[in-house]
Amino acid sequence: MIDYRRKIDNITNLYRSYDYEVFLYQLKEKILDEQFREIFNEIRWAREIKKLGSPIPNELLNMLENLKGRIVNYYIEYLKTNRETIKIEDPDIIIGLGCSNGLGFLDKRVEVLGELVEKFPEAKILLSGGGMGVLKTEALEMLEKLKKNYKVDDKLIILEEDSLDTLGNIVFSKLLLKKMNILCNIEKIIVVTSPFHVIRVHSLLSRVFPKEILFEIKGHDYYLNKVTNDVTTRKIVENEIKSLYRSDRIFNIVNLKEEKKTGFEVDETSLFYQMLLYHDLYRNRRDILRKYYGCLEIYKI
């Protein structure tokens with residue numbers, strides 16, 4: 001039986017512990033992501049229990065919604081006032097992350113990619129993005145736009161066309177670089193995405209790629225200076241936080257599966273197998289398994 005009073009007290013304490021002034025510090029220390037996930041999990045729990053007729057007071061639901069609002073406000077403030085502090089010159093590879101072009105975001109990402117390609121003509125270019133129900137993958141669409149408007153060396157282009165979300169972007173990009181036997185030669189990476197996407201990309205990239213690799217994540221200026229507390233912006237930011245939570249479920253599953261191992265670190269192999277087992281977008285995708293199997297590390301259990 002659930003101890004409702006204790007759960008309510010825990011959530012109340014969580015709500016009171018939030019201090020807007022220390023949000024940025026918590027983000028840098030990777031504390032904030034864990035608390036975000038806890039809050040969204042509690043919101044879902046409270047709504048589901050409420051539907052079952054449990055004694056969850058409306059005050060608790062309102063408290064959780066207010067806390068979620070404060071988190072969204074923090075993200076919006078972050079997007080308006082902060083940029084990546086690490087600046088990389090002479091990157092070994094430039095990674096462009098695909099997306100839907102419904103609001104013009106893909107075009108803007110390609111503009112930033114084009115500028116970087118011309119600034120660093122010797123860097124490899126990895127374009128990552130598949131797409132569901134499309135005739136042309138996001139990676140291929142980015143390539144066509146790049147070749148149409150910028151000077152691009154075909155020999156430097158790498159296409160990753162299997163990913164259907166950000167976790168897939170990061171995991172499959174690393175696997176592809178391993179498969180091509182060039183990951184070991186990469187020390188500096190620039191990743192191009194949208195400004196509201198920077199935090200999620202930073203979180204996943206820093207957990208999947210080798211720690212010794214330096215990376216800069218560039219969010220295009222479009223929309224960054226127009227961010228307001230309007231409904232569209234808030235929906236975008238909420239979706240980003242929920243997507244980060246969904247991706248992290250896979251990390252949590254991996255940690256649970258390997259909790260008895262000493263010195264085990266979550267890597268692209270463990271993530272990849274759990275994605276095939278549990279991720280809605282990649283479950284039972286044997287075609288992807290065949291493609292990357294040769295570059296996976298096989299653990300003896």
# chains A, B, ... in the order shown; residues from 1 in each chain; ligands from 1

call {"tool": "residues_around", "arguments": {"residues": "Gly129 (chain A)", "least_positions_apart": "4", "cutoff": "12 Å", "atoms": "only C-alpha atoms", "output": "ChimeraX atom specification"}}
result
/A:95-100,106,134,136-143,158-173,193

call {"tool": "residues_around", "arguments": {"residues": "Lys174 (chain A)", "least_positions_apart": "4", "cutoff": "9 Å", "atoms": "only C-alpha atoms", "output": "VMD selection string"}}
result
chain A and resid 169 to 170 178 to 179 183 208 to 209 268

call {"tool": "closest_residue", "arguments": {"among": "A:Glu122, A:Glu48, A:Glu238, A:Asp230", "to": "Phe196 (chain A)", "atoms": "only C-alpha atoms"}}
result
A:Glu238

call {"tool": "residues_around", "arguments": {"residues": "His197 (chain A)", "least_positions_apart": "3", "cutoff": "8 Å", "atoms": "only C-alpha atoms", "output": "PDB file with all heavy atoms, in the first residue's frame"}}
result
ATOM      1  N   THR A 193      22.572  22.236 -33.483  1.00  0.00           N
ATOM      2  CA  THR A 193      21.187  21.892 -33.220  1.00  0.00           C
ATOM      3  C   THR A 193      20.390  23.185 -33.051  1.00  0.00           C
ATOM      4  O   THR A 193      20.842  24.254 -33.463  1.00  0.00           O
ATOM      5  CB  THR A 193      21.091  20.987 -31.969  1.00  0.00           C
ATOM      6  OG1 THR A 193      19.745  20.581 -31.806  1.00  0.00           O
ATOM      7  CG2 THR A 193      21.594  21.689 -30.722  1.00  0.00           C
ATOM      8  N   SER A 194      19.217  23.107 -32.428  1.00  0.00           N
ATOM      9  CA  SER A 194      18.412  24.291 -32.135  1.00  0.00           C
ATOM     10  C   SER A 194      18.671  24.737 -30.701  1.00  0.00           C
ATOM     11  O   SER A 194      19.050  23.920 -29.859  1.00  0.00           O
ATOM     12  CB  SER A 194      16.920  23.992 -32.324  1.00  0.00           C
ATOM     13  OG  SER A 194      16.647  23.666 -33.677  1.00  0.00           O
ATOM     14  N   ARG A 200      19.481  19.179 -23.736  1.00  0.00           N
ATOM     15  CA  ARG A 200      19.295  17.730 -23.870  1.00  0.00           C
ATOM     16  C   ARG A 200      20.478  17.097 -24.598  1.00  0.00           C
ATOM     17  O   ARG A 200      20.969  16.040 -24.203  1.00  0.00           O
ATOM     18  CB  ARG A 200      17.987  17.440 -24.609  1.00  0.00           C
ATOM     19  CG  ARG A 200      17.723  15.959 -24.837  1.00  0.00           C
ATOM     20  CD  ARG A 200      16.243  15.638 -24.905  1.00  0.00           C
ATOM     21  NE  ARG A 200      15.511  16.436 -25.847  1.00  0.00           N
ATOM     22  CZ  ARG A 200      14.950  15.945 -26.972  1.00  0.00           C
ATOM     23  NH1 ARG A 200      15.077  14.684 -27.273  1.00  0.00           N
ATOM     24  NH2 ARG A 200      14.257  16.727 -27.762  1.00  0.00           N
ATOM     25  N   VAL A 201      20.948  17.752 -25.659  1.00  0.00           N
ATOM     26  CA  VAL A 201      22.086  17.222 -26.407  1.00  0.00           C
ATOM     27  C   VAL A 201      23.328  17.161 -25.516  1.00  0.00           C
ATOM     28  O   VAL A 201      24.076  16.177 -25.517  1.00  0.00           O
ATOM     29  CB  VAL A 201      22.369  18.075 -27.656  1.00  0.00           C
ATOM     30  CG1 VAL A 201      23.647  17.621 -28.348  1.00  0.00           C
ATOM     31  CG2 VAL A 201      21.191  17.998 -28.630  1.00  0.00           C
ATOM     32  N   GLY A 219      23.652  26.317 -30.841  1.00  0.00           N
ATOM     33  CA  GLY A 219      22.249  26.493 -31.159  1.00  0.00           C
ATOM     34  C   GLY A 219      22.103  27.736 -32.025  1.00  0.00           C
ATOM     35  O   GLY A 219      22.608  28.800 -31.685  1.00  0.00           O
ATOM     36  N   GLU A 240      10.963  19.112 -24.453  1.00  0.00           N
ATOM     37  CA  GLU A 240      12.381  18.821 -24.282  1.00  0.00           C
ATOM     38  C   GLU A 240      12.640  18.094 -22.964  1.00  0.00           C
ATOM     39  O   GLU A 240      13.393  17.129 -22.906  1.00  0.00           O
ATOM     40  CB  GLU A 240      13.195  20.125 -24.301  1.00  0.00           C
ATOM     41  CG  GLU A 240      13.361  20.723 -25.685  1.00  0.00           C
ATOM     42  CD  GLU A 240      14.083  19.770 -26.620  1.00  0.00           C
ATOM     43  OE1 GLU A 240      15.254  19.450 -26.370  1.00  0.00           O
ATOM     44  OE2 GLU A 240      13.454  19.331 -27.593  1.00  0.00           O
TER      45      GLU A 240
END

call {"tool": "atom_distance", "arguments": {"atom1": "CA of Leu271 (chain A)", "atom2": "CA of Ala46 (chain A)"}}
result
29.4 Å

call {"tool": "residues_around", "arguments": {"residues": "region 272-276 of chain A", "least_positions_apart": "3", "cutoff": "9 Å", "atoms": "only C-alpha atoms", "output": "ChimeraX atom specification"}}
result
/A:168,171-172,250-251,253-254,267-269,279-286,288-289,296

call {"tool": "write_last_selection", "arguments": {"atoms": "C-alpha atoms", "output": "mmCIF file, in the first residue's frame"}}
result
data_model
loop_
_atom_site.group_PDB
_atom_site.id
_atom_site.type_symbol
_atom_site.label_atom_id
_atom_site.label_comp_id
_atom_site.auth_asym_id
_atom_site.auth_seq_id
_atom_site.Cartn_x
_atom_site.Cartn_y
_atom_site.Cartn_z
ATOM 1 C CA GLY A 168 19.428 7.587 -31.366
ATOM 2 C CA VAL A 171 24.271 6.450 -29.870
ATOM 3 C CA PHE A 172 24.186 5.654 -33.604
ATOM 4 C CA ILE A 250 17.061 3.653 -20.946
ATOM 5 C CA PHE A 251 20.041 4.731 -18.824
ATOM 6 C CA ILE A 253 17.307 0.289 -17.194
ATOM 7 C CA VAL A 254 20.957 -0.280 -18.104
ATOM 8 C CA ASP A 267 28.254 2.874 -22.876
ATOM 9 C CA GLU A 268 26.864 2.741 -26.402
ATOM 10 C CA THR A 269 26.717 -1.065 -26.422
ATOM 11 C CA HIS A 279 12.592 1.817 -26.654
ATOM 12 C CA ASP A 280 9.320 2.262 -28.553
ATOM 13 C CA LEU A 281 11.093 3.637 -31.631
ATOM 14 C CA TYR A 282 13.731 0.892 -31.950
ATOM 15 C CA ARG A 283 12.217 -2.200 -30.372
ATOM 16 C CA ASN A 284 13.158 -5.409 -32.243
ATOM 17 C CA ARG A 285 14.903 -3.520 -35.061
ATOM 18 C CA ARG A 286 17.067 -6.382 -36.309
ATOM 19 C CA ILE A 288 19.877 -1.891 -37.077
ATOM 20 C CA LEU A 289 21.394 -4.727 -35.046
ATOM 21 C CA LEU A 296 29.617 -3.544 -30.453
#

call {"tool": "atom_distance", "arguments": {"atom1": "CA of Asp92 (chain A)", "atom2": "CA of Val117 (chain A)"}}
result
11.5 Å

call {"tool": "select_by_dssp", "arguments": {"residues": "region 105-249 of chain A", "states": "strand (DSSP E)", "output": "ChimeraX atom specification"}}
result
/A:124-128,157-160,188-193,214-219

call {"tool": "closest_residue", "arguments": {"among": "A:Met132, A:Ile189, A:Leu175, A:Leu67", "to": "Ile94 (chain A)", "atoms": "only C-alpha atoms"}}
result
A:Ile189

call {"tool": "atom_distance", "arguments": {"atom1": "CA of Glu144 (chain A)", "atom2": "CA of Leu177 (chain A)"}}
result
21.6 Å
